[in-house]
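Novice: One structure follows; several queries about it will come next.
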Amino acid sequence: MIYTLTLDTTENVMGKGIDISLILKKLGIDSLATGIIQEKKAKIEKELANAEISSHFIDASTESPVTAKSQQALLDYLKGELKAGDIVVIAGKFAPGIAPTYLIDLATLATKKSAYLVIDSPYQEVRDVLPLHPLLLKPNETEIKAWFDQTDKLLTTKQLLDLAHDLVADGADHVLLSLGKEGAAIVNMTHAFMAHAPEVEEVDPVGAGETLLATFLAGMMKNYSPVRNLADSIAAATDTVQVKRLTNFETTPALQRQIISRKISFEDEQGR
């Protein structure tokens, strides 16, 4: 089972983990949406029910900030549910009251349960999780620069890919680097594949990052090649940008045909 965790339901229309569950469902993959809800509880539950997605949220609607009790309740729920081989997706920022170190608590629990970790969170603590060998990280340019104290520097794409490669060298299995309008790259220990996004008229960028991640995760589960998976994911994220809500995947095949990947080797780094 895939568990998508949302810890701030104010961050976008629904919450980033919830959007990931919605995209996975459109691709034929079931997940369970969980996390901590402070706002939009009825709206979230209705949308998930309409999409036939199971959910289990800790209700913190009367709390400001989120209490330690609610945070422990989520950990206890996951401790009782997680099984070896499950996937835990931690997406987005954390609501007030939830310290970034909570990421380490969640990741440690998942690892003890032999579950796979997928992380799309902006906090520096992501680097502290690397020894646990997360399956997939999805930073964007702003986040990866902050993690390496490069925020004020103008970095080339190759330099950004080198930082993603450093994350792999430190323990991540794969890094899906989101580069916005420039596309994305998938990085492993020996090489990266990078592709630019097709040019479209932007309507609403909200949900594009979650679409990119969810589509790529679905492709991993279907054993797609990295090149195809990257193209599919960029096409889906591009389509989300040009619609008012998440892609329905009707136009993604045409967008996918516009995407050309190129391989970048890290052999020089390996020889150091």
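Just remember, in the structure tokens the first chain shown is A, the second B, etc., residues are 1-based per chain, and ligands are 1-based in the order shown.
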Taking the backbone alone, and naming residues the way the document does, which bits of region 99-175 of chain A are strand (DSSP E) by DSSP, as a PyMOL selection string?

Specialist: chain A and resi 116-120+136-137+174-175

Novice: Each residue of region 59-88 of chain A lying at most 9 Å from region 32-54 of chain A should get a row with its shortest atom-to-atom pair and the distance in Å to one decimal, counting only C-alpha atoms; could you produce that, ordered by chain and increasing number, as a tab-separated table?

Specialist:
residue	atom	partner	partner_atom	distance
A:Asp59	CA	A:Ile37	CA	5.1
A:Ala60	CA	A:Gln38	CA	4.9
A:Ser61	CA	A:Gln38	CA	4.0
A:Thr62	CA	A:Gln38	CA	7.3
A:Glu63	CA	A:Gln38	CA	7.3
A:Ser64	CA	A:Gln38	CA	8.3
A:Val66	CA	A:Gln38	CA	8.0
A:Ser70	CA	A:Ile36	CA	7.5
A:Gln71	CA	A:Ile36	CA	7.7
A:Leu74	CA	A:Gly35	CA	6.6

Novice: Tell me which of A:Ala68, A:Ile259, A:Leu132, A:Ile119 sits closest to Ala184 (chain A), counting only C-alpha atoms.

Specialist: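 When distances to Ala184 (chain A) are compared using only C-alpha atoms, the smallest one comes from A:Ile259.
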
Novice: So that I can check the surroundings of region 187-196 of chain A, please list as a ChimeraX atom specification every protein, DNA and RNA residue that reaches within 9 Å of it, counting only C-alpha atoms and ignoring chain neighbours fewer than 3 positions away.

Specialist: /A:161,164-166,168-169,172-177,179,181-184,226-227,230-231,234,259-267,269-270

Novice: List the neighbours of Thr251 (chain A) out to 12 Å using only C-alpha atoms; skip same-chain residues closer than 5 positions along the sequence, and give me the result as a PDB file with N, CA and C atoms, in the first residue's frame.

Specialist:
ATOM      1  N   VAL A 200       3.821  25.685 -22.970  1.00  0.00           N
ATOM      2  CA  VAL A 200       2.361  25.769 -22.965  1.00  0.00           C
ATOM      3  C   VAL A 200       1.957  27.080 -22.309  1.00  0.00           C
ATOM      4  N   ASP A 232       6.929  10.893 -19.325  1.00  0.00           N
ATOM      5  CA  ASP A 232       5.539  10.816 -18.879  1.00  0.00           C
ATOM      6  C   ASP A 232       5.263  11.817 -17.759  1.00  0.00           C
ATOM      7  N   ALA A 235       5.340  15.460 -18.956  1.00  0.00           N
ATOM      8  CA  ALA A 235       4.119  15.717 -19.738  1.00  0.00           C
ATOM      9  C   ALA A 235       2.921  15.921 -18.828  1.00  0.00           C
ATOM     10  N   ALA A 236       2.794  15.086 -17.808  1.00  0.00           N
ATOM     11  CA  ALA A 236       1.668  15.206 -16.882  1.00  0.00           C
ATOM     12  C   ALA A 236       1.735  16.512 -16.099  1.00  0.00           C
ATOM     13  N   ALA A 237       2.928  16.867 -15.614  1.00  0.00           N
ATOM     14  CA  ALA A 237       3.083  18.111 -14.864  1.00  0.00           C
ATOM     15  C   ALA A 237       2.801  19.320 -15.757  1.00  0.00           C
ATOM     16  N   THR A 238       3.239  19.256 -17.006  1.00  0.00           N
ATOM     17  CA  THR A 238       2.987  20.340 -17.957  1.00  0.00           C
ATOM     18  C   THR A 238       1.503  20.504 -18.201  1.00  0.00           C
ATOM     19  N   ASP A 239       0.784  19.401 -18.307  1.00  0.00           N
ATOM     20  CA  ASP A 239      -0.656  19.490 -18.524  1.00  0.00           C
ATOM     21  C   ASP A 239      -1.361  20.068 -17.305  1.00  0.00           C
ATOM     22  N   THR A 240      -0.907  19.727 -16.110  1.00  0.00           N
ATOM     23  CA  THR A 240      -1.491  20.314 -14.907  1.00  0.00           C
ATOM     24  C   THR A 240      -1.334  21.833 -14.906  1.00  0.00           C
ATOM     25  N   GLN A 242      -1.377  23.776 -17.441  1.00  0.00           N
ATOM     26  CA  GLN A 242      -2.228  24.456 -18.426  1.00  0.00           C
ATOM     27  C   GLN A 242      -3.725  24.231 -18.195  1.00  0.00           C
ATOM     28  N   VAL A 243      -4.081  23.649 -17.050  1.00  0.00           N
ATOM     29  CA  VAL A 243      -5.485  23.491 -16.693  1.00  0.00           C
ATOM     30  C   VAL A 243      -5.722  24.084 -15.302  1.00  0.00           C
ATOM     31  N   GLN A 256       3.978  14.344 -24.356  1.00  0.00           N
ATOM     32  CA  GLN A 256       5.103  13.426 -24.157  1.00  0.00           C
ATOM     33  C   GLN A 256       5.951  13.306 -25.413  1.00  0.00           C
ATOM     34  N   ARG A 257       5.305  13.357 -26.578  1.00  0.00           N
ATOM     35  CA  ARG A 257       6.045  13.212 -27.851  1.00  0.00           C
ATOM     36  C   ARG A 257       6.935  14.420 -28.131  1.00  0.00           C
ATOM     37  N   GLN A 258       6.741  15.504 -27.398  1.00  0.00           N
ATOM     38  CA  GLN A 258       7.590  16.688 -27.588  1.00  0.00           C
ATOM     39  C   GLN A 258       8.821  16.680 -26.684  1.00  0.00           C
TER      40      GLN A 258
END

Novice: To one decimal place, how far is CA of Leu22 (chain A) from CA of Glu210 (chain A) in Å?

Specialist: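 Pair CA of Leu22 (chain A) / CA of Glu210 (chain A) returns 9.7 Å.
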
Novice: Let me make sure I understand: among A:Ile18, A:Val241, A:Ile186, A:Met1, which one has the smallest atom-to-atom distance to Ile87 (chain A) if we use only C-alpha atoms?

Specialist: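 When distances to Ile87 (chain A) are compared using only C-alpha atoms, the smallest one comes from A:Met1.
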